[in-house]
2 protein chains.
Amino acid sequence: MPVKVAIVGATGLVGQEARRLARELLAPHAVELVLFASTPRQLEDGTQVFALEESEALLASCDYILNAANAEQAEWLAKRLGPQQLLVDNSSAFRMDAGVPLVVPEVNPSALTSIPKRIVANPNCTAAILCVALKPLQKFGLERVVVSTYQAASGAGITGLQELEAQLERWKEPVAAWPTAVFGEPLLMNVLSHNSRVRAETEAFGALYNDEEWKMVEETRKMLGQSDLWISATCARVPVKRAHTESVTVDLKIDVPLATLREVFRSAAGVSYVDVPEERKFPSSQRAQDQDLVLVGRLRKDATQPKTLHMFISGDQLRKGAASNALQIIRHHLESP
Amino acid sequence: MPVKVAIVGATGLVGQEARRLARELLAPHAVELVLFASTPRQLEDGTQVFALEESEALLASCDYILNAANAEQAEWLAKRLGPQQLLVDNSSAFRMDAGVPLVVPEVNPSALTSIPKRIVANPNCTAAILCVALKPLQKFGLERVVVSTYQAASGAGITGLQELEAQLERWKEPVAAWPTAVFGEPLLMNVLSHNSRVRAETEAFGALYNDEEWKMVEETRKMLGQSDLWISATCARVPVKRAHTESVTVDLKIDVPLATLREVFRSAAGVSYVDVPEERKFPSSQRAQDQDLVLVGRLRKDATQPKTLHMFISGDQLRKGAASNALQIIRHHLESP
C-alpha cells in the first residue's frame, strides 16, 4: 500500500515543490499524493486538485497531511485530524506550542519521538537554514549568534515572486511605474527591511523586531533546545527569486581551531561546505537554488576574538526551508520504529 | 579668485559625481574644475579632460587635487604634490598611513588640524557610511560592532554597474548567457560574497577577511580613534545599482533608553533618521540614493541584552561614501583658520 500524503495548498510555491519532490524524498516508499487547494481545479497534467471543505472524507483517508497553506488552514486541519493521521504543518500556527515538536531532521530528530498532538511543525525557512549551520557548532557551546539575512522574493509566496518578475519586465521604465502592492516599494534594484509586521514597542518580547526576525529567535532556541540562547536577527529582502542567504556571527564557548571547524562542516548532515577563495567559490543565492543542502562558506575566525567565527550561508527556502524539510519529517516518521 | 580643484579620474563614477556636485558642495566658494583622466578627450558639453602625464604644469596650478582614480595614481600624485597643494585621495593608498588623516567631516574633523604630508585620505565607502552612524553612539561607549553589508554594483566602478545593466538587458535569457567578467558570477537575482580579494589564511591580521571587510575594520578604528574596537564585518554584493545598505549590531558600554538613542540620531550630523513602522518607512538602498545623508532606521534594543542595539542603515556610496565626502573635506579645509 502506498503512503497517502495530502498536500494542502498544493498550488502555492511550497505546495508545488512538495508535489515535485515527494516521490524522490519519500523513496523507497511508494507514495500517493492527494492535492487540496482553496479552489478545486484540474491541473495541466490532468491531476485533480480538490477543495478541502468539500472533500473531508478524502482528507480523512490520508496518512499524512502536509499543510503548505496558512496558519488559519492549519487550525482547521488540526481540528479534523484523525487518530492515525499526522499533520506536518509549514505554517507558524503551532511552531511555538510546547506540545508540538518543531523539527529539522538533521538538527533535532529526537523531538519526533513524542508527538502528543499528532502535529509536527515545520520551521520558518530562515530559521531552518540557520539551524542546519548552527547544529554542528553546538557541541562547542553556542554563546551568542548574530545573523543578518538576504531573503528572496519567493519567500513572500507566488505574489512576491510575480511582483519581482513584473518589475523585471518594466526595468527600463521609471521606478514609479513598477507594481509594488506586495512589498510596498520596489524590490528590484533595492534592499528592503523584511516586509513582515514590525512588533509594537510595547510587546513584552521582541519589541520592534519584525515577525520574521522574532521567529528566527524563538524557533532557533526551540530547535537547538537552548531557551536562553543570546540570538538576534535582522531580516531583509533582496531582489533574488529564490534562496535565502545569511551572514552569521557565532560566539562559541571555547576556541576551536579553524581546521576543526572545517572538518565539522565537511561532515555535517545537510551541509555542503563551499569555501574556495582561489576560485571565488562561496555560498551564493543562485548556487543554493534547487537543492536540499545548506551551503556554508566564508568560514573565518574573528580577527579580535578567537572564540568568535563568521560564516556566510545559503539555502533554498522553498526546499530545505519548507517543502523538502516537511517531506523529510514524513520520511523520518515513516521509518521510526 | 576661484578655488582651483583638479579631479583626477574625472570620467569614472566617483569623478563624475565630484564634477556634478563640486559647485553645490563647495558653495559659497567659487570653483574652477580642472579634469584629468587616463585618456585625454573632450566631453559632450565641450569640457576638456587632460591626460595627467602630459599636463603636469596645469596640475601644479591647482589648489586641491581630488584623486578619484586608483592607488597607483595616488602614489604618482603624492610624489608631485606642490607645497601649497592638498591631495584628497579617494583611493586606499594612504588611508592607514599614520601621517595621513582619514576623515569624514561629521566624524573626526579635528584630524584635519594636522596634515603633515598634505594628503587627506577619503575612507572606504562602506566604512564612511558606517562611521556616520556609529559616531553619535560613541559617547555611550562602543564595546563591539558586528556589521553585514548589502553593497551596490557601482561600488565596483563603471564596469561593475555596466555588467549588472547588461545582465538586466538579458534577464529573459538563461543565466549562463549573462556576462560575468567583473563579478565572476551573475549578480542580477543573486547575492554574492564581496568580490574583493580574500586575505590569505597566513596573514597576521584579518586572515580570511576579504579586503573590503578588513578596510571596514581598520578604517573604522582609525576614524573613531579606537584602535582596539572589537569590530567585524561581512561584505556582500547585491543586485542594486547604487547605495550600500548595512545591518549593524552595536554593544554599548551602558544601557541607553531607546528614546535617547532616537533623539541622538534625529540630531546627529549627516544622519537622516527614517524609522516609521506604520508606514513601512525604513532605510533602503533606493531611498538613500542621490543624497549625502546616511539613513538610519529599524533602531531597536536587543531582546536579550539591553546594552545591545540593532540598526539598518543606507548611504549613497558614490556621494557620502566617496565624492561628496572628498568635497566636504576640501570645504572644511578651505574654511579652517
# chains A, B, ... in the order shown; residues from 1 in each chain; ligands from 1
$ interface_residues --of "chain B" --to "chain A" --cutoff "6 Å" --atoms "only C-alpha atoms" --output "list in words"
Met189, Asn190, Val191, Leu192, Gly206, Leu208, Pro239, Val240, Ser284, Ser285, Gln286, Arg300 and Ala303 of chain B
$ residues_around --residues "stretch 44-58 of chain A" --least-positions-apart "5" --cutoff "10 Å" --atoms "only C-alpha atoms" --output "list in words"
Ala6, Ile7, Val8, Gly9, Ala10, Thr11, Leu33, Val34, Leu35, Phe36, Ala37, Ser38, Thr39, Gln73, Trp76, Leu77 and Arg80 of chain A
$ residues_around --residues "stretch 99-102 of chain B" --least-positions-apart "4" --cutoff "9 Å" --atoms "only C-alpha atoms" --output "compact mmCIF listing (two decimals) with N, CA and C atoms, in the first residue's frame"
# COMPACT_ATOMS: atom_id res chain seq x y z
N PHE B 94 46.78 55.68 1.02
CA PHE B 94 47.35 56.31 2.23
C PHE B 94 46.44 56.22 3.45
N ARG B 95 45.34 55.50 3.34
CA ARG B 95 44.35 55.55 4.42
C ARG B 95 44.90 55.13 5.78
N ASN B 108 35.28 62.94 12.43
CA ASN B 108 36.56 63.31 13.05
C ASN B 108 37.20 64.53 12.38
N ALA B 111 40.83 65.77 13.00
CA ALA B 111 42.00 65.14 12.36
C ALA B 111 42.58 66.03 11.27
N LEU B 112 41.79 67.01 10.80
CA LEU B 112 42.26 67.90 9.74
C LEU B 112 43.16 69.04 10.25
N SER B 114 46.01 68.69 11.57
CA SER B 114 47.41 68.38 11.25
C SER B 114 47.47 67.49 10.01
N ILE B 115 48.06 68.06 8.94
CA ILE B 115 48.13 67.31 7.68
C ILE B 115 49.59 67.32 7.21
N PRO B 116 50.46 66.57 7.91
CA PRO B 116 51.91 66.70 7.67
C PRO B 116 52.35 66.41 6.25
N LYS B 117 51.67 65.51 5.58
CA LYS B 117 52.09 65.15 4.22
C LYS B 117 51.27 65.87 3.15
N ARG B 118 50.42 66.78 3.56
CA ARG B 118 49.49 67.49 2.66
C ARG B 118 48.59 66.50 1.90
N ILE B 119 48.34 65.36 2.54
CA ILE B 119 47.43 64.35 1.99
C ILE B 119 46.35 64.06 3.04
N VAL B 120 45.11 64.10 2.60
CA VAL B 120 44.00 63.64 3.44
C VAL B 120 43.37 62.46 2.70
N ALA B 121 43.15 61.37 3.43
CA ALA B 121 42.53 60.21 2.80
C ALA B 121 41.03 60.22 3.00
N ASN B 122 40.33 59.85 1.95
CA ASN B 122 38.88 59.68 1.98
C ASN B 122 38.62 58.20 2.25
N PRO B 123 37.78 57.88 3.22
CA PRO B 123 37.66 56.47 3.59
C PRO B 123 36.95 55.61 2.56
N GLU B 219 39.73 50.96 9.06
CA GLU B 219 39.41 52.37 8.86
C GLU B 219 38.42 52.90 9.91
N LYS B 222 40.39 53.61 12.96
CA LYS B 222 41.19 54.83 12.84
C LYS B 222 40.30 56.07 12.94
N MET B 223 39.18 56.08 12.23
CA MET B 223 38.33 57.28 12.26
C MET B 223 37.71 57.53 13.62
$ select_by_dssp --residues "stretch 152-334 of chain B" --states "strand (DSSP E or B)" --output "count of residues only"
41
$ select_by_dssp --residues "stretch 132-279 of chain A" --states "helix (DSSP H, G or I)" --output "number ranges by chain"
A: 132-140, 153-169, 175-177, 211-224, 258-266, 277-279
$ atom_distance --atom1 "atom CA of B:Val271" --atom2 "atom CA of B:Asp290"
14.1 Å
$ atom_distance --atom1 "atom CA of A:Pro28" --atom2 "atom CA of A:Tyr64"
16.5 Å
$ residues_around --residues "B:Phe265" --least-positions-apart "4" --cutoff "10 Å" --atoms "only C-alpha atoms" --output "PyMOL selection string"
chain B and resi 133-137+260-261+269-274+295-297+299
$ write_last_selection --atoms "C-alpha atoms" --output "compact mmCIF listing (two decimals), in the first residue's frame"
# COMPACT_ATOMS: atom_id res chain seq x y z
CA ALA B 133 26.00 56.09 12.09
CA LEU B 134 28.43 54.97 14.82
CA LYS B 135 29.77 58.39 15.77
CA PRO B 136 26.60 59.54 17.58
CA LEU B 137 26.77 56.38 19.71
CA THR B 260 17.50 58.80 23.96
CA LEU B 261 19.04 56.87 21.08
CA ALA B 269 25.31 65.38 11.83
CA GLY B 270 25.00 63.69 8.45
CA VAL B 271 22.16 61.38 9.54
CA SER B 272 18.55 61.16 8.40
CA TYR B 273 16.59 59.11 10.92
CA VAL B 274 13.96 57.12 8.94
CA LEU B 295 19.70 56.90 6.53
CA VAL B 296 19.40 55.22 9.94
CA GLY B 297 16.36 53.18 11.00
CA LEU B 299 16.51 51.03 15.58
$ atom_distance --atom1 "atom CA of B:Gly160" --atom2 "atom CA of B:Glu106"
29.2 Å
$ residues_around --residues "A:Glu17" --least-positions-apart "4" --cutoff "9 Å" --atoms "only C-alpha atoms" --output "ChimeraX atom specification"
/A:10,12-13,21-22,318-319,322-324
$ closest_residue --among "A:Gln138, A:Asn67, A:Asn90, A:Ser110" --to "A:Val256" --atoms "only C-alpha atoms"
A:Gln138
